[in-house]
Amino acid sequence: MTGGGRPPRVALVGANGHGRWHRRAIAPLHAAGRLCLAGLVDVRPLEEEPAAPVPPRARTFTDHRAMLAAVRPDVVVVCTPPHTHLPIALDVLAAGADLLLEKPPVLDLAEHRALAGAAAASGRAVQVGFQALGSAALAELTGTLAAGRLGPVSRIAAVAAWRRPDGYYARSPWAGRRSLDGRPVLDGALANPLAHAVMQCLAVAEAVTGAPVRPARIEVERYRVRPIEVDDTAVLRVTPHGGPPVLAALTLAGEDFVPGEVIVTGDRGRAVLEYPTDRLRLPGEPAPRVVPGRRGLLENLLDHRADGTPLLAPLARTAPFTGVLDALRAAPEPTLLGGALVGTVGDGPRRERVIRGVDAVLRHAAETGALPSETGVPWAVAPYRVEGAPQR
């Protein structure tokens, strides 16, 4: 609490689109008196959100700087396009507010260093919106690893198969773009919708070694099924300086839906965490089970302000993820797949494109640690490699 026991003033920058999810997360905390939603910012008129009506005293703005000056918030949630994160975040920290910044926080290590420096200079906290890091299932998995139940870990992998319709790539000027107005955007599967799969793997790898992943080599095969500038299908392999390799096999053009599994293989068995649903299966268990409990990142940030509770997703914890994005910025355009390999479902903006056989290819990569090009997949191309990947 601040200001003689009053709840902290919270503002949301980017209140439409995915910002509506944040509005729904904020609403019960406002109703419970944990915070006061004081300001909402968006360049467009606010979309209606029945589950989270705007409180009567909350002010609306079209410019975050005007909001910072008028509202003087204690905490700001930023949910704007990734290429706008750094300048807005710097303004928030300069105004003396703590920050919850949507993922990806920034798009290269130079921006990461700039943001970390500003946070240190201001003394304010920066939490990053990798909400799956608040999962009790992830905590149980990492605790199991620490206890040695799997023995030495040889491999960490993730597999996910989603779909996105054509309309997804028409949702905004930056959708599916590599850069916009001279700034990197990197709106691909790895950096945006399936970024949680990559971050969960990196978090598990950190639990195995006790230190953030330091990549010695990054390899990636990137593909697309429509004329976008970024990947909608990718297989990423990170070989660290120490600890097991990490592989993420992901698509937005899947056949059957795979929500997202993190597979940890050790000498004594294997664990599987379905990270979107918090279902966990440990060695010796007959089936996955739901591990209830997911701590909200905003609530955790409020606790951090109140009593020093450790942040679940501090900026420093996400540096390896930013390092992966940094290494991939110079990668060539993803290979365009087509012909008989790619089918379609639906039409118009709802049309979805599907890579035939892709689920089996990604599952094999996750199970073996091999890239598709290493196992004779006919449409696979040689990976892009970065040796001695950049560090913080």
# chains A, B, ... in the order shown; residues from 1 in each chain; ligands from 1

call {"tool": "residues_around", "arguments": {"residues": "segment 326-342 of chain A", "least_positions_apart": "2", "cutoff": "9 Å", "atoms": "only C-alpha atoms", "output": "PyMOL selection string"}}
result
chain A and resi 107-110+178+184+186+218+220-234+253+321-324+344+353-357+379-381+384-386+389-390

call {"tool": "write_last_selection", "arguments": {"atoms": "C-alpha atoms", "output": "compact mmCIF listing (two decimals), in the first residue's frame"}}
result
# COMPACT_ATOMS: atom_id res chain seq x y z
CA LEU A 107 13.62 -7.40 -29.24
CA ASP A 108 17.38 -7.37 -28.80
CA LEU A 109 20.01 -7.37 -26.07
CA ALA A 110 20.93 -3.72 -26.56
CA ARG A 178 9.95 -8.47 -39.52
CA PRO A 184 12.41 -4.69 -35.48
CA LEU A 186 9.76 -10.06 -35.33
CA ILE A 218 21.67 -21.30 -31.64
CA VAL A 220 16.83 -22.61 -36.18
CA GLU A 221 14.79 -23.77 -39.13
CA ARG A 222 12.06 -21.27 -39.95
CA TYR A 223 9.14 -21.76 -42.34
CA ARG A 224 5.98 -19.94 -43.44
CA VAL A 225 2.85 -20.93 -45.33
CA ARG A 226 1.74 -17.46 -46.45
CA PRO A 227 3.50 -14.31 -47.72
CA ILE A 228 4.53 -12.93 -44.35
CA GLU A 229 8.02 -11.82 -43.31
CA VAL A 230 8.41 -14.07 -40.26
CA ASP A 231 8.02 -17.70 -39.24
CA ASP A 232 4.73 -19.42 -38.51
CA THR A 233 6.57 -22.73 -38.08
CA ALA A 234 9.99 -23.13 -36.49
CA ALA A 253 -0.21 -24.34 -39.15
CA PHE A 321 14.79 -15.33 -24.32
CA THR A 322 15.82 -11.89 -25.57
CA GLY A 323 19.20 -13.37 -26.45
CA VAL A 324 17.49 -15.89 -28.72
CA THR A 344 -6.51 -25.10 -46.24
CA ARG A 353 -3.44 -23.16 -43.66
CA VAL A 354 -2.15 -26.55 -42.56
CA ILE A 355 1.18 -28.24 -43.24
CA ARG A 356 0.45 -31.89 -43.92
CA GLY A 357 2.40 -34.13 -41.56
CA TRP A 379 10.74 -30.04 -47.14
CA ALA A 380 13.30 -29.16 -44.50
CA VAL A 381 16.15 -26.76 -45.22
CA TYR A 384 20.47 -20.88 -39.68
CA ARG A 385 23.26 -21.05 -37.10
CA VAL A 386 24.77 -18.56 -34.72
CA ALA A 389 25.57 -16.45 -29.47
CA PRO A 390 25.35 -12.95 -27.98

call {"tool": "residues_around", "arguments": {"residues": "Val213 of chain A", "least_positions_apart": "2", "cutoff": "7 Å", "atoms": "only C-alpha atoms", "output": "number ranges by chain"}}
result
A: 202, 205-206, 211, 215, 240, 320

call {"tool": "closest_atom_pairs", "arguments": {"of": "segment 110-179 of chain A", "to": "segment 262-283 of chain A", "cutoff": "8 Å", "atoms": "only C-alpha atoms", "output": "tab-separated table"}}
result
residue	atom	partner	partner_atom	distance
A:Ala132	CA	A:Tyr275	CA	6.7
A:Ser135	CA	A:Asp278	CA	6.8
A:Ala136	CA	A:Asp278	CA	7.6
A:Ala137	CA	A:Asp278	CA	5.4
A:Leu138	CA	A:Leu273	CA	7.4
A:Leu141	CA	A:Leu273	CA	7.7
A:Arg149	CA	A:Arg268	CA	7.1
A:Leu150	CA	A:Arg268	CA	4.7
A:Gly151	CA	A:Asp267	CA	5.2
A:Pro152	CA	A:Gly266	CA	5.4
A:Val153	CA	A:Gly266	CA	4.0
A:Ser154	CA	A:Gly266	CA	5.5
A:Arg155	CA	A:Thr265	CA	5.3
A:Ile156	CA	A:Val264	CA	4.7
A:Ala157	CA	A:Ile263	CA	5.1
A:Ala158	CA	A:Val262	CA	4.3
A:Val159	CA	A:Val262	CA	6.8

call {"tool": "write_last_selection", "arguments": {"atoms": "all heavy atoms", "output": "mmCIF file, in the first residue's frame"}}
result
data_model
loop_
_atom_site.group_PDB
_atom_site.id
_atom_site.type_symbol
_atom_site.label_atom_id
_atom_site.label_comp_id
_atom_site.auth_asym_id
_atom_site.auth_seq_id
_atom_site.Cartn_x
_atom_site.Cartn_y
_atom_site.Cartn_z
ATOM 1 N N ALA A 132 2.932 -17.837 -17.723
ATOM 2 C CA ALA A 132 3.074 -19.256 -17.386
ATOM 3 C C ALA A 132 4.173 -19.485 -16.356
ATOM 4 O O ALA A 132 4.224 -20.560 -15.735
ATOM 5 C CB ALA A 132 3.355 -20.072 -18.647
ATOM 6 N N SER A 135 3.025 -20.525 -12.788
ATOM 7 C CA SER A 135 2.318 -21.786 -12.661
ATOM 8 C C SER A 135 2.854 -22.629 -11.509
ATOM 9 O O SER A 135 4.063 -22.855 -11.393
ATOM 10 C CB SER A 135 2.454 -22.560 -13.978
ATOM 11 O OG SER A 135 2.215 -23.935 -13.798
ATOM 12 N N ALA A 136 1.943 -23.146 -10.693
ATOM 13 C CA ALA A 136 2.338 -24.082 -9.637
ATOM 14 C C ALA A 136 2.844 -25.392 -10.235
ATOM 15 O O ALA A 136 3.683 -26.077 -9.638
ATOM 16 C CB ALA A 136 1.157 -24.354 -8.712
ATOM 17 N N ALA A 137 2.352 -25.743 -11.428
ATOM 18 C CA ALA A 137 2.830 -26.951 -12.099
ATOM 19 C C ALA A 137 4.294 -26.802 -12.484
ATOM 20 O O ALA A 137 5.088 -27.748 -12.342
ATOM 21 C CB ALA A 137 1.982 -27.239 -13.335
ATOM 22 N N LEU A 138 4.673 -25.631 -12.975
ATOM 23 C CA LEU A 138 6.084 -25.390 -13.290
ATOM 24 C C LEU A 138 6.924 -25.451 -12.022
ATOM 25 O O LEU A 138 8.020 -26.037 -12.018
ATOM 26 C CB LEU A 138 6.252 -24.032 -13.965
ATOM 27 C CG LEU A 138 7.704 -23.609 -14.239
ATOM 28 C CD1 LEU A 138 8.378 -24.558 -15.227
ATOM 29 C CD2 LEU A 138 7.752 -22.170 -14.758
ATOM 30 N N LEU A 141 7.439 -29.026 -11.116
ATOM 31 C CA LEU A 141 8.397 -29.655 -12.021
ATOM 32 C C LEU A 141 9.825 -29.261 -11.668
ATOM 33 O O LEU A 141 10.706 -30.127 -11.563
ATOM 34 C CB LEU A 141 8.083 -29.262 -13.462
ATOM 35 C CG LEU A 141 9.106 -29.689 -14.521
ATOM 36 C CD1 LEU A 141 9.290 -31.203 -14.530
ATOM 37 C CD2 LEU A 141 8.696 -29.177 -15.894
ATOM 38 N N ARG A 149 14.833 -36.328 -9.021
ATOM 39 C CA ARG A 149 13.959 -37.466 -9.310
ATOM 40 C C ARG A 149 14.130 -37.986 -10.742
ATOM 41 O O ARG A 149 13.929 -39.176 -10.998
ATOM 42 C CB ARG A 149 12.504 -37.063 -9.071
ATOM 43 C CG ARG A 149 11.517 -38.202 -9.254
ATOM 44 C CD ARG A 149 10.148 -37.810 -8.752
ATOM 45 N NE ARG A 149 9.142 -38.773 -9.162
ATOM 46 C CZ ARG A 149 7.838 -38.634 -8.941
ATOM 47 N NH1 ARG A 149 7.394 -37.572 -8.280
ATOM 48 N NH2 ARG A 149 6.977 -39.536 -9.360
ATOM 49 N N LEU A 150 14.517 -37.111 -11.675
ATOM 50 C CA LEU A 150 14.733 -37.542 -13.049
ATOM 51 C C LEU A 150 16.186 -37.938 -13.300
ATOM 52 O O LEU A 150 16.517 -38.405 -14.388
ATOM 53 C CB LEU A 150 14.334 -36.438 -14.037
ATOM 54 C CG LEU A 150 12.884 -36.431 -14.523
ATOM 55 C CD1 LEU A 150 11.940 -36.083 -13.378
ATOM 56 C CD2 LEU A 150 12.707 -35.445 -15.661
ATOM 57 N N GLY A 151 17.045 -37.744 -12.305
ATOM 58 C CA GLY A 151 18.468 -37.981 -12.518
ATOM 59 C C GLY A 151 19.045 -36.868 -13.386
ATOM 60 O O GLY A 151 18.410 -35.830 -13.619
ATOM 61 N N PRO A 152 20.265 -37.042 -13.890
ATOM 62 C CA PRO A 152 20.843 -36.034 -14.781
ATOM 63 C C PRO A 152 19.946 -35.811 -15.999
ATOM 64 O O PRO A 152 19.505 -36.767 -16.641
ATOM 65 C CB PRO A 152 22.184 -36.649 -15.189
ATOM 66 C CG PRO A 152 22.512 -37.608 -14.089
ATOM 67 C CD PRO A 152 21.197 -38.155 -13.611
ATOM 68 N N VAL A 153 19.657 -34.562 -16.304
ATOM 69 C CA VAL A 153 18.772 -34.216 -17.421
ATOM 70 C C VAL A 153 19.581 -34.128 -18.707
ATOM 71 O O VAL A 153 20.595 -33.426 -18.773
ATOM 72 C CB VAL A 153 18.047 -32.885 -17.149
ATOM 73 C CG1 VAL A 153 17.254 -32.433 -18.368
ATOM 74 C CG2 VAL A 153 17.113 -33.035 -15.946
ATOM 75 N N SER A 154 19.133 -34.841 -19.724
ATOM 76 C CA SER A 154 19.851 -34.867 -20.997
ATOM 77 C C SER A 154 19.235 -33.976 -22.061
ATOM 78 O O SER A 154 19.916 -33.586 -23.020
ATOM 79 C CB SER A 154 19.918 -36.306 -21.528
ATOM 80 O OG SER A 154 18.603 -36.843 -21.669
ATOM 81 N N ARG A 155 17.953 -33.644 -21.921
ATOM 82 C CA ARG A 155 17.314 -32.864 -22.976
ATOM 83 C C ARG A 155 16.058 -32.187 -22.447
ATOM 84 O O ARG A 155 15.330 -32.774 -21.629
ATOM 85 C CB ARG A 155 16.954 -33.771 -24.155
ATOM 86 C CG ARG A 155 16.397 -33.037 -25.368
ATOM 87 C CD ARG A 155 16.320 -33.938 -26.593
ATOM 88 N NE ARG A 155 15.457 -35.096 -26.406
ATOM 89 C CZ ARG A 155 15.884 -36.337 -26.271
ATOM 90 N NH1 ARG A 155 17.178 -36.596 -26.285
ATOM 91 N NH2 ARG A 155 15.024 -37.334 -26.113
ATOM 92 N N ILE A 156 15.817 -30.976 -22.915
ATOM 93 C CA ILE A 156 14.589 -30.233 -22.621
ATOM 94 C C ILE A 156 13.998 -29.805 -23.956
ATOM 95 O O ILE A 156 14.703 -29.256 -24.805
ATOM 96 C CB ILE A 156 14.882 -28.989 -21.752
ATOM 97 C CG1 ILE A 156 15.533 -29.399 -20.423
ATOM 98 C CG2 ILE A 156 13.611 -28.184 -21.502
ATOM 99 C CD1 ILE A 156 16.160 -28.239 -19.687
ATOM 100 N N ALA A 157 12.723 -30.064 -24.154
ATOM 101 C CA ALA A 157 12.108 -29.736 -25.445
ATOM 102 C C ALA A 157 10.677 -29.275 -25.243
ATOM 103 O O ALA A 157 10.047 -29.557 -24.213
ATOM 104 C CB ALA A 157 12.138 -30.950 -26.377
ATOM 105 N N ALA A 158 10.171 -28.572 -26.239
ATOM 106 C CA ALA A 158 8.764 -28.165 -26.257
ATOM 107 C C ALA A 158 8.196 -28.453 -27.628
ATOM 108 O O ALA A 158 8.888 -28.338 -28.646
ATOM 109 C CB ALA A 158 8.621 -26.682 -25.931
ATOM 110 N N VAL A 159 6.917 -28.811 -27.659
ATOM 111 C CA VAL A 159 6.209 -28.993 -28.917
ATOM 112 C C VAL A 159 4.833 -28.364 -28.779
ATOM 113 O O VAL A 159 4.171 -28.503 -27.741
ATOM 114 C CB VAL A 159 6.117 -30.490 -29.302
ATOM 115 C CG1 VAL A 159 5.382 -31.297 -28.229
ATOM 116 C CG2 VAL A 159 5.446 -30.677 -30.654
#

call {"tool": "residues_around", "arguments": {"residues": "segment 302-314 of chain A", "least_positions_apart": "4", "cutoff": "9 Å", "atoms": "only C-alpha atoms", "output": "PyMOL selection string"}}
result
chain A and resi 1-2+8+34-35+75+98+125-131+133-134+295+297-298+318

call {"tool": "residues_around", "arguments": {"residues": "Val71 of chain A", "least_positions_apart": "3", "cutoff": "8 Å", "atoms": "only C-alpha atoms", "output": "list of chain:residue names"}}
result
A:Ala38, A:Gly39, A:Met67, A:Leu68

call {"tool": "residues_around", "arguments": {"residues": "segment 55-63 of chain A", "least_positions_apart": "5", "cutoff": "9 Å", "atoms": "only C-alpha atoms", "output": "mmCIF file with C-alpha atoms, in the first residue's frame"}}
result
data_model
loop_
_atom_site.group_PDB
_atom_site.id
_atom_site.type_symbol
_atom_site.label_atom_id
_atom_site.label_comp_id
_atom_site.auth_asym_id
_atom_site.auth_seq_id
_atom_site.Cartn_x
_atom_site.Cartn_y
_atom_site.Cartn_z
ATOM 1 C CA ALA A 11 -2.751 2.267 -15.446
ATOM 2 C CA VAL A 13 -1.302 1.249 -21.790
ATOM 3 C CA ALA A 27 -10.967 -5.956 -12.551
ATOM 4 C CA HIS A 30 -9.746 -3.355 -8.311
ATOM 5 C CA CYS A 36 -7.229 1.358 -8.136
ATOM 6 C CA LEU A 37 -7.515 1.319 -11.927
ATOM 7 C CA ALA A 38 -6.876 4.984 -12.580
ATOM 8 C CA GLY A 39 -6.054 5.236 -16.278
ATOM 9 C CA LEU A 40 -6.421 3.443 -19.594
ATOM 10 C CA VAL A 41 -4.570 4.362 -22.764
ATOM 11 C CA ASP A 42 -5.224 3.382 -26.359
ATOM 12 C CA VAL A 43 -4.975 5.146 -29.689
ATOM 13 C CA ARG A 44 -8.467 3.835 -30.540
ATOM 14 C CA PRO A 45 -11.713 4.207 -28.590
ATOM 15 C CA LEU A 46 -11.972 1.613 -25.830
ATOM 16 C CA LEU A 68 1.655 9.570 -16.813
ATOM 17 C CA VAL A 71 -2.583 10.185 -13.304
#

call {"tool": "select_by_dssp", "arguments": {"residues": "segment 196-376 of chain A", "states": "strand (DSSP E)", "output": "JSON, numbers by chain"}}
result
{"A": [215, 216, 217, 218, 219, 220, 221, 222, 223, 224, 233, 234, 235, 236, 237, 238, 239, 240, 246, 247, 248, 249, 250, 251, 253, 254, 255, 256, 257, 258, 259, 260, 261, 262, 263, 264, 265, 266, 269, 270, 271, 272, 273, 274, 279, 280, 281, 289, 290, 335, 336, 342, 343, 344, 345, 352, 353, 354, 355]}

call {"tool": "select_by_dssp", "arguments": {"residues": "segment 11-182 of chain A", "states": "helix (DSSP H, G or I)", "output": "PyMOL selection string"}}
result
chain A and resi 19-31+64-71+82-94+109-122+131-134+136-146+166-170

call {"tool": "atom_distance", "arguments": {"atom1": "atom CA of Arg164 of chain A", "atom2": "atom CA of Ala191 of chain A"}}
result
14.9 Å
